[in-house]
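model_35.cif follows (mmCIF, C-alpha atoms):
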```
data_upload
#
loop_
_atom_site.group_PDB
_atom_site.id
_atom_site.type_symbol
_atom_site.label_atom_id
_atom_site.label_comp_id
_atom_site.auth_asym_id
_atom_site.auth_seq_id
_atom_site.Cartn_x
_atom_site.Cartn_y
_atom_site.Cartn_z
ATOM 1 C CA MET A 1 98.212 -79.654 -129.136
ATOM 2 C CA GLU A 2 98.203 -76.747 -131.614
ATOM 3 C CA ASP A 3 100.747 -78.497 -133.813
ATOM 4 C CA THR A 4 98.487 -81.526 -134.108
ATOM 5 C CA LYS A 5 95.438 -79.453 -135.045
ATOM 6 C CA GLU A 6 97.349 -77.607 -137.768
ATOM 7 C CA ILE A 7 98.752 -80.841 -139.167
ATOM 8 C CA LYS A 8 95.278 -82.421 -139.292
ATOM 9 C CA ILE A 9 93.984 -79.424 -141.251
ATOM 10 C CA PHE A 10 96.996 -79.668 -143.564
ATOM 11 C CA ALA A 11 96.306 -83.389 -144.123
ATOM 12 C CA ASN A 12 92.620 -82.815 -144.857
ATOM 13 C CA ASN A 13 93.522 -80.122 -147.386
ATOM 14 C CA ILE A 14 95.902 -82.589 -149.040
ATOM 15 C CA ARG A 15 93.017 -85.040 -149.394
ATOM 16 C CA LYS A 16 90.730 -82.417 -150.921
ATOM 17 C CA ASN A 17 93.394 -81.409 -153.417
ATOM 18 C CA VAL A 18 94.131 -85.021 -154.337
ATOM 19 C CA ILE A 19 90.471 -85.587 -155.202
ATOM 20 C CA LYS A 20 90.358 -82.392 -157.281
ATOM 21 C CA MET A 21 93.630 -83.196 -159.078
ATOM 22 C CA VAL A 22 92.791 -86.745 -160.076
ATOM 23 C CA THR A 23 89.259 -85.828 -161.120
ATOM 24 C CA ALA A 24 90.468 -82.907 -163.253
ATOM 25 C CA ALA A 25 93.092 -85.109 -164.919
ATOM 26 C CA LYS A 26 90.573 -87.915 -165.484
ATOM 27 C CA SER A 27 93.412 -90.272 -164.590
ATOM 28 C CA GLY A 28 95.682 -91.035 -161.674
ATOM 29 C CA HIS A 29 95.686 -92.791 -158.337
ATOM 30 C CA PRO A 30 93.472 -91.467 -155.518
ATOM 31 C CA GLY A 31 93.624 -94.372 -153.030
ATOM 32 C CA GLY A 32 97.286 -94.319 -152.034
ATOM 33 C CA PRO A 33 97.562 -90.517 -151.736
ATOM 34 C CA LEU A 34 94.498 -90.360 -149.481
ATOM 35 C CA GLY A 35 96.052 -93.036 -147.279
ATOM 36 C CA LEU A 36 99.386 -91.196 -147.083
ATOM 37 C CA ALA A 37 98.002 -87.704 -146.438
ATOM 38 C CA ASP A 38 98.550 -87.737 -142.663
ATOM 39 C CA ILE A 39 102.150 -88.929 -143.041
ATOM 40 C CA TYR A 40 102.981 -86.318 -145.680
ATOM 41 C CA ALA A 41 101.371 -83.596 -143.593
ATOM 42 C CA VAL A 42 103.664 -84.506 -140.707
ATOM 43 C CA LEU A 43 106.694 -84.642 -143.001
ATOM 44 C CA TYR A 44 106.165 -81.255 -144.599
ATOM 45 C CA LYS A 45 104.886 -79.474 -141.483
ATOM 46 C CA LYS A 46 107.215 -80.888 -138.827
ATOM 47 C CA ILE A 47 109.879 -83.393 -139.857
ATOM 48 C CA LEU A 48 111.620 -82.455 -143.103
ATOM 49 C CA ASN A 49 114.432 -79.927 -142.991
ATOM 50 C CA HIS A 50 113.697 -78.014 -146.194
ATOM 51 C CA LYS A 51 113.347 -74.549 -147.721
ATOM 52 C CA PRO A 52 110.454 -74.184 -150.167
ATOM 53 C CA THR A 53 111.939 -70.918 -151.474
ATOM 54 C CA ASP A 54 115.261 -72.679 -152.107
ATOM 55 C CA PRO A 55 114.370 -76.248 -153.162
ATOM 56 C CA ASP A 56 117.993 -77.092 -154.063
ATOM 57 C CA TRP A 57 119.344 -76.012 -150.675
ATOM 58 C CA GLU A 58 122.433 -78.143 -150.156
ATOM 59 C CA ASP A 59 121.690 -79.183 -146.572
ATOM 60 C CA ARG A 60 118.039 -80.124 -147.113
ATOM 61 C CA ASP A 61 116.743 -83.525 -146.109
ATOM 62 C CA ARG A 62 116.152 -85.773 -149.101
ATOM 63 C CA LEU A 63 112.789 -87.451 -149.707
ATOM 64 C CA ILE A 64 112.656 -90.283 -152.236
ATOM 65 C CA LEU A 65 109.245 -91.390 -153.505
ATOM 66 C CA SER A 66 109.607 -94.967 -154.700
ATOM 67 C CA ASN A 67 105.928 -95.684 -155.381
ATOM 68 C CA GLY A 68 105.750 -92.741 -157.754
ATOM 69 C CA HIS A 69 102.146 -93.312 -158.816
ATOM 70 C CA VAL A 70 101.009 -91.808 -155.484
ATOM 71 C CA CYS A 71 102.731 -88.509 -156.350
ATOM 72 C CA ALA A 72 99.496 -86.504 -156.026
ATOM 73 C CA VAL A 73 100.004 -86.574 -152.251
ATOM 74 C CA ARG A 74 103.501 -85.172 -152.570
ATOM 75 C CA TYR A 75 102.496 -82.459 -155.032
ATOM 76 C CA ALA A 76 99.594 -81.402 -152.797
ATOM 77 C CA ALA A 77 101.865 -81.290 -149.730
ATOM 78 C CA MET A 78 104.553 -79.342 -151.596
ATOM 79 C CA ALA A 79 102.057 -76.769 -152.855
ATOM 80 C CA GLN A 80 100.683 -76.176 -149.368
ATOM 81 C CA ALA A 81 104.226 -75.922 -148.020
ATOM 82 C CA GLY A 82 104.987 -73.145 -150.514
ATOM 83 C CA PHE A 83 107.066 -74.819 -153.217
ATOM 84 C CA PHE A 84 104.663 -73.613 -155.925
ATOM 85 C CA PRO A 85 101.141 -72.115 -156.089
ATOM 86 C CA GLU A 86 98.260 -74.422 -155.199
ATOM 87 C CA SER A 87 96.527 -73.311 -158.400
ATOM 88 C CA GLU A 88 99.080 -75.346 -160.358
ATOM 89 C CA LEU A 89 97.780 -78.576 -158.839
ATOM 90 C CA LEU A 90 94.986 -78.694 -161.403
ATOM 91 C CA THR A 91 97.582 -79.059 -164.176
ATOM 92 C CA PHE A 92 98.330 -82.534 -162.776
ATOM 93 C CA ARG A 93 99.170 -85.033 -165.535
ATOM 94 C CA ASN A 94 98.805 -82.457 -168.314
ATOM 95 C CA ILE A 95 101.373 -82.390 -171.122
ATOM 96 C CA ASN A 96 104.107 -79.866 -170.251
ATOM 97 C CA SER A 97 102.947 -79.629 -166.629
ATOM 98 C CA LYS A 98 105.560 -79.702 -163.870
ATOM 99 C CA LEU A 99 103.298 -82.216 -162.167
ATOM 100 C CA GLN A 100 103.680 -85.358 -164.226
ATOM 101 C CA GLY A 101 101.973 -88.661 -163.429
ATOM 102 C CA HIS A 102 105.271 -89.840 -162.012
ATOM 103 C CA PRO A 103 107.601 -87.240 -160.485
ATOM 104 C CA SER A 104 110.378 -86.073 -162.798
ATOM 105 C CA THR A 105 113.419 -84.007 -161.860
ATOM 106 C CA ARG A 106 113.314 -82.680 -165.423
ATOM 107 C CA TYR A 107 110.131 -80.748 -164.705
ATOM 108 C CA LEU A 108 109.977 -80.031 -160.986
ATOM 109 C CA LYS A 109 112.450 -78.706 -158.424
ATOM 110 C CA GLY A 110 112.193 -79.986 -154.869
ATOM 111 C CA ILE A 111 112.227 -83.691 -155.701
ATOM 112 C CA GLU A 112 115.351 -85.833 -155.599
ATOM 113 C CA SER A 113 114.694 -88.537 -158.162
ATOM 114 C CA SER A 114 112.400 -89.385 -161.035
ATOM 115 C CA SER A 115 110.288 -92.467 -160.470
ATOM 116 C CA GLY A 116 108.563 -94.939 -162.709
ATOM 117 C CA SER A 117 109.080 -98.667 -162.285
ATOM 118 C CA LEU A 118 108.277 -99.806 -158.763
ATOM 119 C CA GLY A 119 110.854 -101.251 -156.398
ATOM 120 C CA GLN A 120 113.744 -98.900 -157.206
ATOM 121 C CA GLY A 121 113.338 -96.145 -154.629
ATOM 122 C CA LEU A 122 115.011 -97.857 -151.702
ATOM 123 C CA SER A 123 118.126 -98.508 -153.801
ATOM 124 C CA VAL A 124 118.224 -94.839 -154.819
ATOM 125 C CA ALA A 125 117.872 -93.813 -151.180
ATOM 126 C CA VAL A 126 120.727 -96.072 -150.073
ATOM 127 C CA GLY A 127 122.976 -94.508 -152.703
ATOM 128 C CA ILE A 128 122.088 -90.977 -151.607
ATOM 129 C CA ALA A 129 122.623 -91.896 -147.945
ATOM 130 C CA LEU A 130 126.092 -93.271 -148.747
ATOM 131 C CA GLY A 131 126.833 -90.154 -150.799
ATOM 132 C CA ALA A 132 125.906 -87.961 -147.830
ATOM 133 C CA ARG A 133 128.330 -89.892 -145.641
ATOM 134 C CA LEU A 134 131.164 -89.536 -148.167
ATOM 135 C CA SER A 135 130.454 -85.808 -148.422
ATOM 136 C CA LYS A 136 130.348 -85.528 -144.628
ATOM 137 C CA LYS A 137 126.797 -84.158 -144.724
ATOM 138 C CA ASP A 138 124.384 -84.769 -141.864
ATOM 139 C CA TYR A 139 121.044 -84.483 -143.659
ATOM 140 C CA LYS A 140 118.590 -87.361 -143.431
ATOM 141 C CA VAL A 141 117.379 -89.426 -146.385
ATOM 142 C CA TYR A 142 113.710 -90.440 -146.222
ATOM 143 C CA ALA A 143 112.363 -93.129 -148.553
ATOM 144 C CA CYS A 144 108.645 -93.666 -149.089
ATOM 145 C CA ILE A 145 107.997 -97.248 -150.191
ATOM 146 C CA SER A 146 104.910 -99.422 -150.528
ATOM 147 C CA ASP A 147 104.166 -102.875 -149.180
ATOM 148 C CA GLY A 148 103.445 -104.134 -152.715
ATOM 149 C CA GLU A 149 106.997 -103.268 -153.742
ATOM 150 C CA CYS A 150 108.289 -105.797 -151.234
ATOM 151 C CA GLY A 151 107.294 -108.503 -153.700
ATOM 152 C CA GLU A 152 110.253 -107.333 -155.809
ATOM 153 C CA GLY A 153 113.771 -108.611 -155.229
ATOM 154 C CA MET A 154 115.440 -105.227 -155.694
ATOM 155 C CA THR A 155 113.827 -103.970 -152.484
ATOM 156 C CA TRP A 156 115.560 -106.703 -150.505
ATOM 157 C CA GLU A 157 118.906 -106.174 -152.220
ATOM 158 C CA ALA A 158 118.686 -102.554 -151.128
ATOM 159 C CA ALA A 159 117.625 -103.548 -147.613
ATOM 160 C CA GLN A 160 120.626 -105.855 -147.329
ATOM 161 C CA SER A 161 123.008 -103.192 -148.639
ATOM 162 C CA ALA A 162 121.655 -100.479 -146.311
ATOM 163 C CA ALA A 163 122.159 -102.679 -143.263
ATOM 164 C CA HIS A 164 125.630 -103.812 -144.372
ATOM 165 C CA TYR A 165 126.821 -100.215 -144.685
ATOM 166 C CA LYS A 166 125.058 -99.152 -141.461
ATOM 167 C CA THR A 167 123.277 -96.242 -143.137
ATOM 168 C CA ASP A 168 121.711 -94.767 -140.010
ATOM 169 C CA ASN A 169 121.050 -91.543 -141.929
ATOM 170 C CA LEU A 170 118.398 -93.464 -143.913
ATOM 171 C CA ILE A 171 114.795 -93.603 -142.725
ATOM 172 C CA ALA A 172 112.442 -95.628 -144.893
ATOM 173 C CA PHE A 173 108.716 -95.597 -144.267
ATOM 174 C CA MET A 174 106.143 -97.938 -145.705
ATOM 175 C CA ASP A 175 102.583 -97.285 -146.805
ATOM 176 C CA LYS A 176 101.318 -100.609 -145.428
ATOM 177 C CA ASN A 177 97.730 -100.647 -146.656
ATOM 178 C CA GLY A 178 97.619 -104.280 -147.797
ATOM 179 C CA ILE A 179 96.513 -103.348 -151.319
ATOM 180 C CA GLN A 180 98.180 -103.181 -154.743
ATOM 181 C CA ILE A 181 96.846 -102.774 -158.253
ATOM 182 C CA ASP A 182 95.859 -106.435 -158.639
ATOM 183 C CA GLY A 183 94.091 -106.677 -155.284
ATOM 184 C CA PHE A 184 94.985 -107.414 -151.667
ATOM 185 C CA THR A 185 98.683 -108.147 -151.139
ATOM 186 C CA LYS A 186 97.888 -111.261 -149.115
ATOM 187 C CA ASP A 187 96.271 -112.727 -152.232
ATOM 188 C CA VAL A 188 98.743 -111.421 -154.840
ATOM 189 C CA MET A 189 101.922 -112.227 -152.886
ATOM 190 C CA ASN A 190 101.825 -112.714 -149.151
ATOM 191 C CA LEU A 191 104.499 -110.404 -147.716
ATOM 192 C CA GLU A 192 104.208 -110.975 -144.003
ATOM 193 C CA PRO A 193 105.843 -110.875 -141.552
ATOM 194 C CA LEU A 194 107.404 -107.656 -142.878
ATOM 195 C CA ASN A 195 108.546 -106.504 -139.439
ATOM 196 C CA LYS A 196 110.510 -109.702 -138.820
ATOM 197 C CA LYS A 197 111.912 -109.724 -142.356
ATOM 198 C CA PHE A 198 113.381 -106.225 -142.105
ATOM 199 C CA ALA A 199 114.659 -106.963 -138.596
ATOM 200 C CA ALA A 200 116.363 -110.100 -139.894
ATOM 201 C CA PHE A 201 118.074 -107.991 -142.559
ATOM 202 C CA GLY A 202 119.505 -105.813 -139.786
ATOM 203 C CA TRP A 203 117.121 -102.859 -139.779
ATOM 204 C CA ASN A 204 115.737 -100.948 -136.830
ATOM 205 C CA VAL A 205 111.994 -101.589 -137.219
ATOM 206 C CA LEU A 206 109.269 -99.296 -135.891
ATOM 207 C CA GLU A 207 105.517 -99.741 -136.320
ATOM 208 C CA ALA A 208 102.924 -96.992 -136.100
ATOM 209 C CA ASP A 209 99.375 -95.962 -136.942
ATOM 210 C CA GLY A 210 99.650 -93.993 -140.180
ATOM 211 C CA HIS A 211 96.538 -91.966 -139.355
ATOM 212 C CA ASN A 212 97.398 -90.889 -135.815
ATOM 213 C CA ILE A 213 99.368 -87.634 -135.960
ATOM 214 C CA GLU A 214 101.042 -88.085 -132.576
ATOM 215 C CA SER A 215 102.032 -91.649 -133.462
ATOM 216 C CA ILE A 216 103.487 -90.543 -136.815
ATOM 217 C CA ILE A 217 105.514 -87.735 -135.232
ATOM 218 C CA SER A 218 106.799 -90.034 -132.478
ATOM 219 C CA ALA A 219 107.919 -92.685 -134.976
ATOM 220 C CA PHE A 220 109.852 -90.197 -137.103
ATOM 221 C CA GLU A 221 111.455 -88.580 -134.048
ATOM 222 C CA LYS A 222 112.615 -91.979 -132.763
ATOM 223 C CA ALA A 223 113.982 -92.856 -136.191
ATOM 224 C CA LYS A 224 115.972 -89.609 -136.382
ATOM 225 C CA THR A 225 117.911 -90.407 -133.210
ATOM 226 C CA HIS A 226 118.647 -94.084 -133.921
ATOM 227 C CA LYS A 227 122.300 -94.933 -134.560
ATOM 228 C CA GLY A 228 124.096 -97.903 -136.096
ATOM 229 C CA SER A 229 121.583 -99.164 -138.646
ATOM 230 C CA PRO A 230 118.903 -97.936 -141.050
ATOM 231 C CA THR A 231 115.355 -97.547 -139.765
ATOM 232 C CA ILE A 232 112.085 -98.512 -141.381
ATOM 233 C CA ILE A 233 108.711 -97.351 -140.089
ATOM 234 C CA LEU A 234 105.846 -99.651 -141.010
ATOM 235 C CA PHE A 235 102.820 -97.365 -141.107
ATOM 236 C CA GLU A 236 99.469 -99.137 -140.991
ATOM 237 C CA THR A 237 97.279 -97.168 -143.387
ATOM 238 C CA VAL A 238 93.905 -97.400 -145.085
ATOM 239 C CA LEU A 239 93.782 -96.944 -148.850
ATOM 240 C CA GLY A 240 91.319 -94.159 -149.662
ATOM 241 C CA LYS A 241 91.301 -92.851 -146.065
ATOM 242 C CA GLY A 242 88.747 -90.113 -145.484
ATOM 243 C CA VAL A 243 86.399 -90.997 -148.334
ATOM 244 C CA SER A 244 83.996 -93.712 -147.197
ATOM 245 C CA PHE A 245 83.322 -95.333 -150.567
ATOM 246 C CA MET A 246 87.037 -95.531 -151.395
ATOM 247 C CA GLU A 247 88.367 -96.880 -148.109
ATOM 248 C CA ASN A 248 90.067 -100.283 -148.301
ATOM 249 C CA ASN A 249 88.710 -100.854 -151.815
ATOM 250 C CA PRO A 250 91.346 -102.066 -154.340
ATOM 251 C CA GLY A 251 89.235 -100.620 -157.146
ATOM 252 C CA TRP A 252 90.325 -97.130 -156.075
ATOM 253 C CA HIS A 253 94.033 -97.854 -156.385
ATOM 254 C CA GLY A 254 94.185 -96.249 -159.821
ATOM 255 C CA THR A 255 90.683 -95.121 -160.788
ATOM 256 C CA PRO A 256 89.776 -91.415 -160.926
ATOM 257 C CA PRO A 257 86.387 -90.355 -159.554
ATOM 258 C CA ASN A 258 83.772 -88.883 -161.861
ATOM 259 C CA ALA A 259 82.176 -85.496 -161.163
ATOM 260 C CA GLU A 260 79.428 -86.960 -158.968
ATOM 261 C CA GLN A 261 81.900 -89.032 -156.959
ATOM 262 C CA GLU A 262 84.181 -86.011 -156.614
ATOM 263 C CA LYS A 263 81.290 -84.001 -155.178
ATOM 264 C CA LYS A 264 80.458 -86.737 -152.680
ATOM 265 C CA ALA A 265 84.112 -87.160 -151.649
ATOM 266 C CA LEU A 266 84.631 -83.435 -151.107
ATOM 267 C CA GLU A 267 81.403 -83.191 -149.114
ATOM 268 C CA GLU A 268 82.672 -85.910 -146.780
ATOM 269 C CA LEU A 269 86.051 -84.209 -146.395
ATOM 270 C CA GLU A 270 84.343 -80.874 -145.645
ATOM 271 C CA GLN A 271 82.759 -82.531 -142.629
ATOM 272 C CA VAL A 272 86.167 -83.379 -141.140
ATOM 273 C CA THR A 273 87.167 -81.178 -138.220
ATOM 274 C CA ALA A 274 90.589 -80.984 -136.644
#
```

File written out as structure tokens:
Amino acid sequence: MEDTKEIKIFANNIRKNVIKMVTAAKSGHPGGPLGLADIYAVLYKKILNHKPTDPDWEDRDRLILSNGHVCAVRYAAMAQAGFFPESELLTFRNINSKLQGHPSTRYLKGIESSSGSLGQGLSVAVGIALGARLSKKDYKVYACISDGECGEGMTWEAAQSAAHYKTDNLIAFMDKNGIQIDGFTKDVMNLEPLNKKFAAFGWNVLEADGHNIESIISAFEKAKTHKGSPTIILFETVLGKGVSFMENNPGWHGTPPNAEQEKKALEELEQVTA
């Protein structure tokens, strides 16, 4: 499918840019963005209703990034989608850059909320979804959350609230890579069974391979048509996907590569074909 080929190329370009951004900044988080690249490629190429030339368009879909430290993936996707020039990506994390280490509405148009402390994004998304209903707007609210955040109580308060108010205009999706900054989630705080937990809270639960483009598209399309309750998509992902020495290694959660590692990572990504 032509769509699929284009999205795979888009995702691989995201990964290349993430490596370049984090290396240039000498700080940041490469692992999560690499793992989310396929999902963000699908969002920005096929799913989100948005206008890069008019980022404040009233009827746009809203995308909330709760785990803000992975923002390199969003910046890279936005640049490729036309929100700003790709050349600006190398200003990532610089003072006065639009591309701060956590997204900020003060600096960048096209994002809906500033993020910092983990665990808050789902609550923000519920509020925006309820606001859309009160305003009689039919845009969707997408919320990117991480599995590690589910160790925080605020996530579950938001989950309970979303189900109570039947916010079927809310689609959350989880980067379920089993890793957080202190190690594997099963060792830090065992979160499973996440599918049964969200179902028990009253959510429509979907599960998908976060690196299979067709599977990602199908999950989002199903979520968009569901009525009566919020939906969460649990995407199984691999931290550091696409770079062999980073994959599934907690050490790459928040460690920038050096110049030699950057070269090796980009060489591997150059070998990827759609």

Inset, instruction - Select, from A:Asp61, A:Glu247, A:Glu112, A:Glu88, the residue with the minimum atom-to-atom distance to A:Tyr75, counting only C-alpha atoms. - result: A:Glu88

Inset, instruction - Apply the PyMOL selection byres ((chain A and resi 45) around 12) to the structure shown and report the selected residues as an MDAnalysis selection string. - result: chainID A and resid 3:11 37:44 46:52 77:78 80:82 213 217

Selected residues, C-alpha atoms, written as a CSV table (one decimal), keeping the file's coordinate frame, please.
```
chain,number,residue,atom,x,y,z
A,3,ASP,CA,100.7,-78.5,-133.8
A,4,THR,CA,98.5,-81.5,-134.1
A,5,LYS,CA,95.4,-79.5,-135.0
A,6,GLU,CA,97.3,-77.6,-137.8
A,7,ILE,CA,98.8,-80.8,-139.2
A,8,LYS,CA,95.3,-82.4,-139.3
A,9,ILE,CA,94.0,-79.4,-141.3
A,10,PHE,CA,97.0,-79.7,-143.6
A,11,ALA,CA,96.3,-83.4,-144.1
A,37,ALA,CA,98.0,-87.7,-146.4
A,38,ASP,CA,98.6,-87.7,-142.7
A,39,ILE,CA,102.2,-88.9,-143.0
A,40,TYR,CA,103.0,-86.3,-145.7
A,41,ALA,CA,101.4,-83.6,-143.6
A,42,VAL,CA,103.7,-84.5,-140.7
A,43,LEU,CA,106.7,-84.6,-143.0
A,44,TYR,CA,106.2,-81.3,-144.6
A,46,LYS,CA,107.2,-80.9,-138.8
A,47,ILE,CA,109.9,-83.4,-139.9
A,48,LEU,CA,111.6,-82.5,-143.1
A,49,ASN,CA,114.4,-79.9,-143.0
A,50,HIS,CA,113.7,-78.0,-146.2
A,51,LYS,CA,113.3,-74.5,-147.7
A,52,PRO,CA,110.5,-74.2,-150.2
A,77,ALA,CA,101.9,-81.3,-149.7
A,78,MET,CA,104.6,-79.3,-151.6
A,80,GLN,CA,100.7,-76.2,-149.4
A,81,ALA,CA,104.2,-75.9,-148.0
A,82,GLY,CA,105.0,-73.1,-150.5
A,213,ILE,CA,99.4,-87.6,-136.0
A,217,ILE,CA,105.5,-87.7,-135.2
```

Legend entry - A:Pro193 surroundings by all atoms listed in the file, 12 Å radius, close-in-sequence under 5 positions cut, as a PyMOL selection string: chain A and resi 147+150+176+186+198-200+205+234

A:Glu268: which residues within 9 Å, counting all atoms listed in the file, same-chain residues fewer than 5 positions away excluded, as a compact mmCIF listing (two decimals) with C-alpha atoms, in the frame of the given file?
```txt
# COMPACT_ATOMS: atom_id res chain seq x y z
CA GLY A 242 88.75 -90.11 -145.48
CA VAL A 243 86.40 -91.00 -148.33
CA SER A 244 84.00 -93.71 -147.20
CA LYS A 263 81.29 -84.00 -155.18
```

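Interatomic distance, atom CA of A:Asn177 against atom CA of A:Leu239: 5.8 Å.
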
Legend entry - Selected residue, from A:Met174, A:Ala265, A:Ile181, A:Met189, that lies nearest to A:Met246 when counting all atoms listed in the file: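 Checking each of A:Met174, A:Ala265, A:Ile181, A:Met189 against A:Met246, counting all atoms listed in the file, the winner is A:Ala265.
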
Inset, instruction - Tell me, in Å to one decimal, how far atom CA of A:Lys166 is from atom CA of A:Gly68. - result: 26.1 Å

Inset, instruction - Starting from the shown file, work through the PyMOL selection byres ((chain A and resi 143) around 6) and note down what comes out as a list in words. - result: Leu63, Ile64, Tyr142, Cys144 and Ala172 of chain A

Legend entry - Non-local contacts of A:Leu206 (7 Å; all atoms listed in the file; under 3 positions in same chain excluded) as number ranges by chain: A: 219, 232-234

Inset, instruction - Rounded to one decimal place, report the atom CA of A:Asp168-atom CA of A:Ser218 distance in Å. - result: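 It comes out at 17.4 Å.
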
Legend entry - Surrounding residues of A:Ser113 excluding itself and chain neighbours under 5 positions, 8 Å, only C-alpha atoms, as a PyMOL selection string: chain A and resi 64-65+103-105+124

Care to translate the PyMOL selection byres ((chain A and resi 162) around 10) into actual residues of this file, as a tab-separated table (two decimals) with C-alpha atoms, in the coordinates of the input?
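Result file follows (selection.tsv):
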```tsv
chain	number	residue	atom	x	y	z
A	122	LEU	CA	115.01	-97.86	-151.70
A	123	SER	CA	118.13	-98.51	-153.80
A	125	ALA	CA	117.87	-93.81	-151.18
A	126	VAL	CA	120.73	-96.07	-150.07
A	127	GLY	CA	122.98	-94.51	-152.70
A	129	ALA	CA	122.62	-91.90	-147.94
A	130	LEU	CA	126.09	-93.27	-148.75
A	156	TRP	CA	115.56	-106.70	-150.50
A	157	GLU	CA	118.91	-106.17	-152.22
A	158	ALA	CA	118.69	-102.55	-151.13
A	159	ALA	CA	117.62	-103.55	-147.61
A	160	GLN	CA	120.63	-105.86	-147.33
A	161	SER	CA	123.01	-103.19	-148.64
A	163	ALA	CA	122.16	-102.68	-143.26
A	164	HIS	CA	125.63	-103.81	-144.37
A	165	TYR	CA	126.82	-100.22	-144.68
A	166	LYS	CA	125.06	-99.15	-141.46
A	167	THR	CA	123.28	-96.24	-143.14
A	168	ASP	CA	121.71	-94.77	-140.01
A	169	ASN	CA	121.05	-91.54	-141.93
A	170	LEU	CA	118.40	-93.46	-143.91
A	201	PHE	CA	118.07	-107.99	-142.56
A	202	GLY	CA	119.50	-105.81	-139.79
A	203	TRP	CA	117.12	-102.86	-139.78
A	229	SER	CA	121.58	-99.16	-138.65
A	230	PRO	CA	118.90	-97.94	-141.05
A	231	THR	CA	115.36	-97.55	-139.76
```

Legend entry - Radius query 8 Å about (94.3, -94.6, -150.5), atoms used: only C-alpha atoms, as a ChimeraX atom specification: /A:30-36,177,238-241,246-248,252-253

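Considering all atoms listed in the file, the residue among A:Pro55, A:Arg15, A:Gly183, A:Pro85 positioned nearest to A:Gly254 is A:Gly183.
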
Inset, instruction - May I have the residues within 12 Å of A:Asp54 as an MDAnalysis selection string, using all atoms listed in the file and disregarding those fewer than 5 positions away in the same chain? - result: chainID A and resid 49 59:60 82:84 109:111
